[in-house]
$ cat query.cif   # mmCIF, C-alpha atoms
data_input
#
loop_
_atom_site.label_atom_id
_atom_site.label_comp_id
_atom_site.auth_asym_id
_atom_site.auth_seq_id
_atom_site.Cartn_x
_atom_site.Cartn_y
_atom_site.Cartn_z
CA MET A 1 -51.93 65.66 -85.72
CA ASP A 2 -51.06 64.52 -89.23
CA ILE A 3 -53.46 64.82 -92.16
CA LYS A 4 -54.41 61.14 -92.33
CA PHE A 5 -56.25 61.58 -88.99
CA ILE A 6 -58.45 64.44 -90.17
CA GLN A 7 -61.57 62.23 -90.27
CA PRO A 8 -61.32 60.81 -86.70
CA LEU A 9 -60.21 64.23 -85.42
CA THR A 10 -63.34 65.79 -86.92
CA VAL A 11 -65.47 63.15 -85.20
CA THR A 12 -63.74 63.76 -81.87
CA ILE A 13 -64.25 67.52 -82.08
CA PHE A 14 -67.84 67.19 -83.30
CA SER A 15 -68.69 64.86 -80.40
CA LEU A 16 -67.12 67.31 -77.94
CA LEU A 17 -69.15 70.23 -79.28
CA LYS A 18 -72.41 68.28 -79.58
CA SER A 19 -72.14 66.87 -76.06
CA ASN A 20 -71.36 70.31 -74.60
CA PRO A 21 -73.64 72.68 -76.54
CA SER A 22 -73.59 75.49 -73.97
CA VAL A 23 -69.78 75.69 -73.78
CA SER A 24 -67.62 77.88 -75.98
CA PHE A 25 -64.29 76.10 -76.48
CA LYS A 26 -60.91 77.38 -77.53
CA ILE A 27 -59.48 74.34 -79.31
CA TYR A 28 -55.75 74.18 -80.00
CA LEU A 29 -54.54 71.85 -82.73
CA ILE A 30 -50.82 71.05 -82.81
CA THR A 31 -50.18 69.92 -86.36
CA GLU A 32 -47.56 69.42 -89.05
CA ILE A 33 -50.01 70.35 -91.82
CA GLU A 34 -48.55 73.14 -93.94
CA ASP A 35 -51.60 73.86 -96.12
CA GLU A 36 -54.15 75.25 -93.65
CA SER A 37 -56.86 75.26 -96.31
CA ARG A 38 -57.16 71.51 -95.65
CA LEU A 39 -58.54 72.45 -92.24
CA ASP A 40 -61.11 74.96 -93.51
CA SER A 41 -64.13 72.67 -93.12
CA LEU A 42 -63.06 71.72 -89.59
CA LYS A 43 -62.64 75.38 -88.68
CA SER A 44 -66.11 76.12 -90.09
CA LEU A 45 -67.60 73.31 -88.04
CA VAL A 46 -66.03 74.62 -84.83
CA LEU A 47 -67.05 78.21 -85.60
CA SER A 48 -70.65 77.16 -86.35
CA LYS A 49 -70.87 75.74 -82.82
CA GLY A 50 -69.65 78.99 -81.23
CA SER A 51 -66.11 77.82 -80.57
CA GLN A 52 -62.67 78.59 -81.98
CA LEU A 53 -59.98 76.41 -83.60
CA ILE A 54 -56.39 77.65 -83.30
CA THR A 55 -53.60 75.82 -85.14
CA LYS A 56 -50.05 75.57 -83.86
CA LYS A 57 -47.46 74.44 -86.41
CA ILE A 58 -44.77 71.94 -85.52
CA GLY A 59 -42.12 70.19 -87.58
CA ALA A 60 -42.31 66.39 -87.59
CA SER A 61 -38.51 66.31 -87.84
CA SER A 62 -38.36 67.48 -84.20
CA PHE A 63 -39.13 63.89 -83.17
CA SER A 64 -37.63 61.94 -86.07
CA ASN A 65 -35.35 59.97 -83.71
CA GLN A 66 -38.14 58.75 -81.45
CA LYS A 67 -39.40 55.18 -81.35
CA ILE A 68 -42.61 54.28 -83.20
CA LYS A 69 -44.45 50.99 -82.65
CA TYR A 70 -47.91 49.55 -83.14
CA HIS A 71 -50.52 52.11 -84.30
CA TYR A 72 -48.62 55.15 -82.98
CA SER A 73 -47.13 57.89 -85.13
CA ILE A 74 -44.70 60.79 -84.73
CA ALA A 75 -47.72 62.99 -84.00
CA ASN A 76 -48.10 61.28 -80.61
CA TYR A 77 -45.02 63.18 -79.44
CA TYR A 78 -46.32 66.65 -80.35
CA ARG A 79 -48.20 67.08 -77.07
CA LEU A 80 -44.89 67.09 -75.18
CA LEU A 81 -44.36 70.66 -76.41
CA ALA A 82 -47.87 71.86 -75.52
CA ALA A 83 -46.59 74.05 -72.66
CA GLU A 84 -44.30 75.91 -75.05
CA MET A 85 -46.87 76.29 -77.82
CA ILE A 86 -50.13 76.99 -75.97
CA PRO A 87 -50.45 80.21 -73.91
CA GLU A 88 -52.79 78.78 -71.27
CA GLU A 89 -52.26 77.58 -67.71
CA GLN A 90 -54.54 74.54 -67.95
CA VAL A 91 -55.79 72.56 -70.95
CA LEU A 92 -57.59 69.29 -71.56
CA TYR A 93 -55.69 67.08 -73.99
CA LEU A 94 -57.65 64.57 -76.12
CA ASP A 95 -56.38 62.00 -78.60
CA SER A 96 -58.14 61.85 -81.98
CA ASP A 97 -59.50 58.32 -81.45
CA ILE A 98 -61.97 59.53 -78.84
CA ILE A 99 -65.70 60.18 -78.54
CA VAL A 100 -66.91 62.70 -75.96
CA HIS A 101 -70.34 61.41 -74.99
CA GLY A 102 -71.31 63.74 -72.18
CA PRO A 103 -70.57 67.08 -70.44
CA ILE A 104 -66.95 67.64 -69.39
CA GLN A 105 -67.22 70.75 -67.19
CA GLU A 106 -66.72 68.61 -64.07
CA LEU A 107 -63.49 67.20 -65.49
CA TYR A 108 -62.09 70.58 -66.48
CA ALA A 109 -62.94 71.99 -63.03
CA THR A 110 -60.73 69.37 -61.34
CA ASP A 111 -58.29 71.01 -58.92
CA LEU A 112 -54.83 69.96 -60.08
CA ALA A 113 -53.11 71.71 -57.17
CA GLU A 114 -49.38 71.08 -57.75
CA TYR A 115 -49.84 68.01 -59.96
CA PRO A 116 -48.53 68.39 -63.54
CA LEU A 117 -51.45 66.38 -64.90
CA ALA A 118 -54.51 64.28 -64.12
CA ALA A 119 -55.22 61.04 -65.98
CA VAL A 120 -56.82 57.59 -65.76
CA TYR A 121 -54.97 54.47 -64.66
CA ASP A 122 -54.34 51.99 -67.49
CA PRO A 123 -54.95 48.37 -66.36
CA GLN A 124 -53.51 46.96 -69.58
CA VAL A 125 -49.90 47.95 -68.83
CA GLN A 126 -48.46 45.74 -66.10
CA ASP A 127 -44.73 45.53 -66.91
CA LEU A 128 -43.90 48.50 -64.70
CA ASP A 129 -40.37 47.29 -63.93
CA ARG A 130 -39.47 48.25 -67.49
CA LEU A 131 -39.90 51.92 -66.47
CA GLU A 132 -38.68 51.47 -62.88
CA LEU A 133 -42.20 52.07 -61.56
CA SER A 134 -43.88 50.41 -58.59
CA ALA A 135 -47.45 49.11 -58.47
CA GLU A 136 -48.29 51.96 -56.07
CA GLN A 137 -47.03 54.55 -58.55
CA GLY A 138 -49.06 52.93 -61.33
CA TYR A 139 -49.25 53.78 -65.03
CA PHE A 140 -51.68 56.16 -66.71
CA ASN A 141 -53.04 56.33 -70.23
CA SER A 142 -52.10 59.61 -71.95
CA GLY A 143 -55.04 59.72 -74.40
CA VAL A 144 -56.96 61.98 -72.01
CA MET A 145 -54.97 64.31 -69.77
CA LEU A 146 -55.85 67.46 -67.86
CA LEU A 147 -52.57 69.36 -68.10
CA ASN A 148 -51.21 71.92 -65.68
CA LEU A 149 -49.11 73.83 -68.22
CA LYS A 150 -47.89 76.25 -65.56
CA ILE A 151 -46.17 73.36 -63.77
CA TRP A 152 -44.94 71.92 -67.07
CA ARG A 153 -43.15 75.20 -67.83
CA GLU A 154 -41.72 75.55 -64.33
CA GLN A 155 -40.38 71.98 -64.36
CA ASN A 156 -39.39 71.94 -68.04
CA LEU A 157 -41.33 68.70 -68.11
CA GLY A 158 -41.76 68.23 -71.86
CA TYR A 159 -38.03 68.39 -72.49
CA LYS A 160 -37.31 66.06 -69.56
CA VAL A 161 -39.58 63.47 -71.17
CA ILE A 162 -37.91 63.93 -74.57
CA GLU A 163 -34.53 63.44 -72.89
CA TYR A 164 -35.75 60.23 -71.25
CA LEU A 165 -37.13 58.91 -74.54
CA THR A 166 -33.80 59.62 -76.23
CA ASN A 167 -31.70 58.03 -73.49
CA PHE A 168 -33.79 54.88 -72.93
CA PRO A 169 -35.33 53.86 -76.29
CA THR A 170 -35.44 50.15 -75.40
CA ARG A 171 -37.81 50.86 -72.51
CA ILE A 172 -40.39 52.55 -74.73
CA GLN A 173 -43.42 50.54 -75.85
CA TYR A 174 -46.20 53.12 -76.08
CA ALA A 175 -44.49 56.23 -77.48
CA ASP A 176 -44.37 59.31 -75.24
CA GLN A 177 -46.85 57.75 -72.82
CA CYS A 178 -44.06 55.58 -71.41
CA GLY A 179 -41.74 58.58 -71.13
CA LEU A 180 -44.34 60.61 -69.25
CA ASN A 181 -44.98 57.81 -66.77
CA ALA A 182 -41.28 57.14 -66.23
CA VAL A 183 -40.42 60.80 -65.59
CA LEU A 184 -43.42 61.53 -63.34
CA GLN A 185 -42.88 58.42 -61.19
CA GLY A 186 -46.47 58.38 -59.93
CA ASN A 187 -46.73 62.16 -59.46
CA TRP A 188 -50.08 62.50 -61.23
CA LEU A 189 -53.68 62.95 -60.06
CA ARG A 190 -55.92 59.90 -60.45
CA LEU A 191 -59.19 60.44 -62.33
CA ASN A 192 -62.47 58.54 -62.32
CA PRO A 193 -62.39 55.95 -65.15
CA LYS A 194 -65.45 57.53 -66.79
CA TRP A 195 -63.11 60.20 -68.17
CA ASN A 196 -61.14 57.71 -70.28
CA VAL A 197 -62.97 54.43 -70.94
CA MET A 198 -60.29 52.55 -72.88
CA THR A 199 -60.75 49.54 -75.14
CA SER A 200 -59.01 47.37 -72.53
CA PHE A 201 -61.91 48.06 -70.14
CA PHE A 202 -64.04 45.75 -72.30
CA ASN A 203 -61.48 42.93 -72.24
CA PRO A 204 -62.29 40.29 -69.55
CA LYS A 205 -58.54 39.69 -69.15
CA HIS A 206 -58.11 43.14 -67.58
CA ARG A 207 -61.38 43.29 -65.64
CA ASN A 208 -60.07 42.01 -62.28
CA THR A 209 -57.11 44.40 -62.37
CA ALA A 210 -59.42 47.33 -63.16
CA LEU A 211 -61.90 46.37 -60.44
CA ARG A 212 -59.15 46.18 -57.81
CA TYR A 213 -58.00 49.66 -58.77
CA PHE A 214 -61.28 51.49 -59.49
CA GLY A 215 -63.84 49.57 -57.42
CA GLU A 216 -67.50 50.06 -58.32
CA ALA A 217 -66.63 53.14 -60.41
CA PHE A 218 -65.29 50.79 -63.08
CA ASP A 219 -68.60 49.15 -64.00
CA LEU A 220 -70.39 52.51 -63.90
CA ALA A 221 -67.81 53.94 -66.30
CA VAL A 222 -68.17 51.06 -68.76
CA GLN A 223 -71.97 51.30 -68.65
CA LYS A 224 -72.05 55.09 -69.06
CA PRO A 225 -68.76 56.36 -70.48
CA ILE A 226 -68.41 60.12 -70.78
CA ILE A 227 -65.16 59.93 -72.73
CA LEU A 228 -64.83 56.78 -74.82
CA HIS A 229 -61.30 56.02 -76.01
CA TYR A 230 -60.80 53.55 -78.88
CA SER A 231 -57.28 53.01 -77.63
CA ASP A 232 -56.33 49.78 -79.38
CA SER A 233 -55.92 48.80 -83.01
CA PRO A 234 -57.77 48.31 -85.32
CA LYS A 235 -59.71 51.54 -84.89
CA PRO A 236 -63.52 51.93 -85.19
CA TRP A 237 -63.18 53.49 -88.66
CA GLU A 238 -61.67 50.18 -89.81
CA PHE A 239 -63.81 47.24 -90.88
CA ARG A 240 -61.89 44.73 -88.74
CA ASN A 241 -62.61 46.60 -85.50
CA ASN A 242 -65.00 44.76 -83.17
CA HIS A 243 -65.32 47.24 -80.29
CA PRO A 244 -68.72 46.76 -78.55
CA LEU A 245 -69.39 50.50 -78.90
CA LYS A 246 -68.10 50.87 -82.44
CA LYS A 247 -71.55 51.99 -83.61
CA LEU A 248 -71.29 55.10 -81.41
CA TYR A 249 -68.31 56.30 -83.44
CA TRP A 250 -70.25 55.87 -86.70
CA ASP A 251 -73.31 57.61 -85.23
CA TYR A 252 -71.20 60.72 -84.64
CA LEU A 253 -69.31 60.38 -87.93
CA ASN A 254 -72.59 60.31 -89.88
CA GLN A 255 -73.40 63.77 -88.52
CA THR A 256 -70.23 65.22 -90.05
CA GLU A 257 -69.02 65.89 -93.58
CA PHE A 258 -67.63 62.33 -93.61
CA LYS A 259 -71.05 60.67 -93.53
CA ARG A 260 -71.58 57.80 -95.96
CA ARG A 261 -67.87 56.99 -95.85
CA PHE A 262 -66.89 53.33 -95.78
CA PRO A 263 -64.29 51.73 -93.50
CA LYS A 264 -60.90 52.21 -95.13
CA ASP A 265 -60.06 48.50 -94.99
CA LEU A 266 -63.37 47.32 -96.45
CA THR A 267 -61.99 44.93 -99.06
CA PHE A 268 -63.25 41.70 -100.58
CA SER A 269 -60.66 39.65 -98.68
CA ASN A 270 -61.65 41.21 -95.34
CA LEU A 271 -65.32 40.64 -96.11
CA LEU A 272 -64.52 37.01 -96.86
CA ARG A 273 -62.61 36.61 -93.59
CA TRP A 274 -65.50 38.18 -91.70
CA ALA A 275 -68.04 35.85 -93.35
CA VAL A 276 -66.17 32.64 -92.47
CA PRO A 277 -67.24 31.27 -89.04
CA ASN A 278 -64.53 31.14 -86.38
CA LYS A 279 -64.89 27.36 -86.04
CA LEU A 280 -63.95 26.90 -89.70
CA LYS A 281 -61.02 29.27 -89.33
CA LYS A 282 -59.67 27.29 -86.37
CA LYS A 283 -60.13 24.01 -88.23
CA TYR A 284 -58.29 25.41 -91.25
CA TRP A 285 -55.29 26.51 -89.16
CA LYS A 286 -55.15 23.16 -87.37
CA LEU A 287 -54.95 21.41 -90.74
CA ARG A 288 -52.23 23.84 -91.85
CA GLN A 289 -50.15 22.94 -88.78
CA LYS A 290 -50.21 19.18 -89.46
#
$ encode --input "query.cif" --output "structure tokens"
Amino acid sequence: MDIKFIQPLTVTIFSLLKSNPSVSFKIYLITEIEDESRLDSLKSLVLSKGSQLITKKIGASSFSNQKIKYHYSIANYYRLLAAEMIPEEQVLYLDSDIIVHGPIQELYATDLAEYPLAAVYDPQVQDLDRLELSAEQGYFNSGVMLLNLKIWREQNLGYKVIEYLTNFPTRIQYADQCGLNAVLQGNWLRLNPKWNVMTSFFNPKHRNTALRYFGEAFDLAVQKPIILHYSDSPKPWEFRNNHPLKKLYWDYLNQTEFKRRFPKDLTFSNLLRWAVPNKLKKKYWKLRQK
């Protein structure tokens, strides 16, 4: 995590603790932040809920050669070294653009057997040939992963993914997520979609693909998400975001130290764009094209 994500990270952690009040968590934060005092309020929040926050320092330069596109950052690659930095056999990884809106004990109790990880299929990514994957092998979203760190260490998995990312940069669209999928070649445990309800789940364009894959579990997940993942850009803390469950993010945020904050892109020009009806916008652009 880098410091600019401290607000959404706080919301993610607060939602986890609030939705699981009887659980005492050991939360590991892999970060490049040098001045730990900047995390004092977050540590106090976690401690006040009976849990523990442990920081693990990493140098951003370790991944300076990796490809960055869209809304991703170098911090996306940090999780690849989780097995080397975290002394546990199994951990639940969460991105910092997530809301935990229900109990997760069932998820954590999932039997991984010999799988290196469990994750949710991503219906948005269909160009599997790019990574030499078949439709049967599929493609998972790495925003929520139950990790078998014992297997990661035995297979040296993190470094294999880094090697793939270095050797095939033109194949990478979604940071380390593509590398993980390419290296695992379908060797991952499929999870119920309720454990990672992505933004694409609300897009009618991806509905038929998701229904074919998940069946009736898909609609149940969208109606009652346990882990809600604001996976696309703009994010819910930005004014331009129009996610149907954006309000849920702000409900949790307003229970943290960041309450009464405004969206970071709340500017006069964005307000003006928002106020202009879509019909007028389309008419304007048609006139511009003549």
$ atom_distance --input "query.cif" --atom1 "atom CA of Ile104 of chain A" --atom2 "atom CA of Leu180 of chain A"
23.7 Å
$ residues_around --input "query.cif" --residues "segment 211-224 of chain A" --least-positions-apart "6" --cutoff "7 Å" --atoms "all atoms listed in the file" --output "short mmCIF file (atom, residue, chain, number, x, y, z; two decimals) with C-alpha atoms, in the frame of the given file"
data_model
loop_
_atom_site.label_atom_id
_atom_site.label_comp_id
_atom_site.auth_asym_id
_atom_site.auth_seq_id
_atom_site.Cartn_x
_atom_site.Cartn_y
_atom_site.Cartn_z
CA PRO A 193 -62.39 55.95 -65.15
CA LYS A 194 -65.45 57.53 -66.79
CA VAL A 197 -62.97 54.43 -70.94
#
$ residues_around --input "query.cif" --residues "segment 36-48 of chain A" --least-positions-apart "4" --cutoff "8 Å" --atoms "only C-alpha atoms" --output "list of chain:residue names"
A:Thr10, A:Ile13, A:Phe14, A:Leu17, A:Gln52, A:Leu53
$ residues_near_point --input "query.cif" --point "(-70.1, 78.3, -75.6)" --cutoff "6 Å" --atoms "all atoms listed in the file" --output "ChimeraX atom specification"
/A:22-24,50
$ atom_distance --input "query.cif" --atom1 "atom CA of Ser15 of chain A" --atom2 "atom CA of Gly179 of chain A"
29.2 Å
$ closest_residue --input "query.cif" --among "A:Leu80, A:Leu228, A:Leu189, A:Ala182" --to "Tyr249 of chain A" --atoms "all atoms listed in the file"
A:Leu228
$ closest_residue --input "query.cif" --among "A:Leu146, A:Leu131, A:Ile227, A:Leu16" --to "Leu165 of chain A" --atoms "all atoms listed in the file"
A:Leu131
$ residues_around --input "query.cif" --residues "segment 112-123 of chain A" --least-positions-apart "2" --cutoff "8 Å" --atoms "all atoms listed in the file" --output "short mmCIF file (atom, residue, chain, number, x, y, z; two decimals) with C-alpha atoms, keeping the file's coordinate frame"
data_model
loop_
_atom_site.label_atom_id
_atom_site.label_comp_id
_atom_site.auth_asym_id
_atom_site.auth_seq_id
_atom_site.Cartn_x
_atom_site.Cartn_y
_atom_site.Cartn_z
CA THR A 110 -60.73 69.37 -61.34
CA VAL A 125 -49.90 47.95 -68.83
CA GLN A 126 -48.46 45.74 -66.10
CA GLY A 138 -49.06 52.93 -61.33
CA TYR A 139 -49.25 53.78 -65.03
CA PHE A 140 -51.68 56.16 -66.71
CA ASN A 141 -53.04 56.33 -70.23
CA SER A 142 -52.10 59.61 -71.95
CA VAL A 144 -56.96 61.98 -72.01
CA MET A 145 -54.97 64.31 -69.77
CA LEU A 146 -55.85 67.46 -67.86
CA LEU A 147 -52.57 69.36 -68.10
CA ASN A 148 -51.21 71.92 -65.68
CA LEU A 149 -49.11 73.83 -68.22
CA ILE A 151 -46.17 73.36 -63.77
CA TRP A 152 -44.94 71.92 -67.07
CA ASN A 187 -46.73 62.16 -59.46
CA TRP A 188 -50.08 62.50 -61.23
CA LEU A 189 -53.68 62.95 -60.06
CA ARG A 190 -55.92 59.90 -60.45
CA LEU A 191 -59.19 60.44 -62.33
CA ASN A 192 -62.47 58.54 -62.32
CA PRO A 193 -62.39 55.95 -65.15
CA TRP A 195 -63.11 60.20 -68.17
CA ASN A 196 -61.14 57.71 -70.28
CA SER A 200 -59.01 47.37 -72.53
CA PHE A 201 -61.91 48.06 -70.14
CA HIS A 206 -58.11 43.14 -67.58
CA THR A 209 -57.11 44.40 -62.37
CA ALA A 210 -59.42 47.33 -63.16
#
$ closest_residue --input "query.cif" --among "A:Ile54, A:Ala75, A:Ile172, A:Val100" --to "Pro225 of chain A" --atoms "only C-alpha atoms"
A:Val100
$ resolve_selection --input "query.cif" --expression "the PyMOL selection byres ((chain A and resi 97) around 8)" --output "ChimeraX atom specification"
/A:8-9,12,95-96,98-99,229-231,235
$ atom_distance --input "query.cif" --atom1 "atom CA of Leu94 of chain A" --atom2 "atom CA of Val11 of chain A"
12.1 Å
$ closest_residue --input "query.cif" --among "A:Asn203, A:Gln137, A:Asn20, A:Asn208" --to "Leu184 of chain A" --atoms "all atoms listed in the file"
A:Gln137
$ closest_residue --input "query.cif" --among "A:Phe25, A:Tyr108, A:Tyr174, A:Tyr159" --to "Glu84 of chain A" --atoms "only C-alpha atoms"
A:Tyr159
$ closest_residue --input "query.cif" --among "A:Pro204, A:Pro87, A:Gly102, A:Pro169" --to "Ser19 of chain A" --atoms "all atoms listed in the file"
A:Gly102
$ residues_near_point --input "query.cif" --point "(-49.0, 75.2, -79.4)" --cutoff "7 Å" --atoms "all atoms listed in the file" --output "JSON list (two decimals) with C-alpha atoms, in the frame of the given file"
[["chain", "number", "residue", "atom", "x", "y", "z"],
["A", 28, "TYR", "CA", -55.75, 74.18, -80.00],
["A", 30, "ILE", "CA", -50.82, 71.05, -82.81],
["A", 56, "LYS", "CA", -50.05, 75.57, -83.86],
["A", 82, "ALA", "CA", -47.87, 71.86, -75.52],
["A", 84, "GLU", "CA", -44.30, 75.91, -75.05],
["A", 85, "MET", "CA", -46.87, 76.29, -77.82],
["A", 86, "ILE", "CA", -50.13, 76.99, -75.97]]
$ build_atoms --input "query.cif" --residues "segment 207-218 of chain A" --atoms "N, CA and C atoms" --output "PDB file, keeping the file's coordinate frame"
ATOM      1  N   ARG A 207     -60.280  42.872 -66.508  1.00  0.00           N
ATOM      2  CA  ARG A 207     -61.380  43.290 -65.640  1.00  0.00           C
ATOM      3  C   ARG A 207     -61.006  43.244 -64.155  1.00  0.00           C
ATOM      4  N   ASN A 208     -60.399  42.137 -63.708  1.00  0.00           N
ATOM      5  CA  ASN A 208     -60.070  42.010 -62.280  1.00  0.00           C
ATOM      6  C   ASN A 208     -59.074  43.077 -61.838  1.00  0.00           C
ATOM      7  N   THR A 209     -58.084  43.356 -62.695  1.00  0.00           N
ATOM      8  CA  THR A 209     -57.110  44.400 -62.370  1.00  0.00           C
ATOM      9  C   THR A 209     -57.805  45.752 -62.230  1.00  0.00           C
ATOM     10  N   ALA A 210     -58.702  46.052 -63.183  1.00  0.00           N
ATOM     11  CA  ALA A 210     -59.420  47.330 -63.160  1.00  0.00           C
ATOM     12  C   ALA A 210     -60.333  47.439 -61.950  1.00  0.00           C
ATOM     13  N   LEU A 211     -61.002  46.348 -61.600  1.00  0.00           N
ATOM     14  CA  LEU A 211     -61.900  46.370 -60.440  1.00  0.00           C
ATOM     15  C   LEU A 211     -61.133  46.598 -59.143  1.00  0.00           C
ATOM     16  N   ARG A 212     -59.964  45.977 -59.021  1.00  0.00           N
ATOM     17  CA  ARG A 212     -59.150  46.180 -57.810  1.00  0.00           C
ATOM     18  C   ARG A 212     -58.741  47.644 -57.686  1.00  0.00           C
ATOM     19  N   TYR A 213     -58.487  48.277 -58.790  1.00  0.00           N
ATOM     20  CA  TYR A 213     -58.000  49.660 -58.770  1.00  0.00           C
ATOM     21  C   TYR A 213     -59.154  50.656 -58.632  1.00  0.00           C
ATOM     22  N   PHE A 214     -60.216  50.482 -59.423  1.00  0.00           N
ATOM     23  CA  PHE A 214     -61.280  51.490 -59.490  1.00  0.00           C
ATOM     24  C   PHE A 214     -62.470  51.189 -58.581  1.00  0.00           C
ATOM     25  N   GLY A 215     -62.661  49.923 -58.203  1.00  0.00           N
ATOM     26  CA  GLY A 215     -63.840  49.570 -57.420  1.00  0.00           C
ATOM     27  C   GLY A 215     -65.106  49.662 -58.261  1.00  0.00           C
ATOM     28  N   GLU A 216     -66.211  50.035 -57.631  1.00  0.00           N
ATOM     29  CA  GLU A 216     -67.500  50.060 -58.320  1.00  0.00           C
ATOM     30  C   GLU A 216     -67.554  51.133 -59.415  1.00  0.00           C
ATOM     31  N   ALA A 217     -66.655  52.101 -59.369  1.00  0.00           N
ATOM     32  CA  ALA A 217     -66.630  53.140 -60.410  1.00  0.00           C
ATOM     33  C   ALA A 217     -66.326  52.546 -61.778  1.00  0.00           C
ATOM     34  N   PHE A 218     -65.667  51.391 -61.800  1.00  0.00           N
ATOM     35  CA  PHE A 218     -65.290  50.790 -63.080  1.00  0.00           C
ATOM     36  C   PHE A 218     -66.516  50.373 -63.883  1.00  0.00           C
TER      37      PHE A 218
END
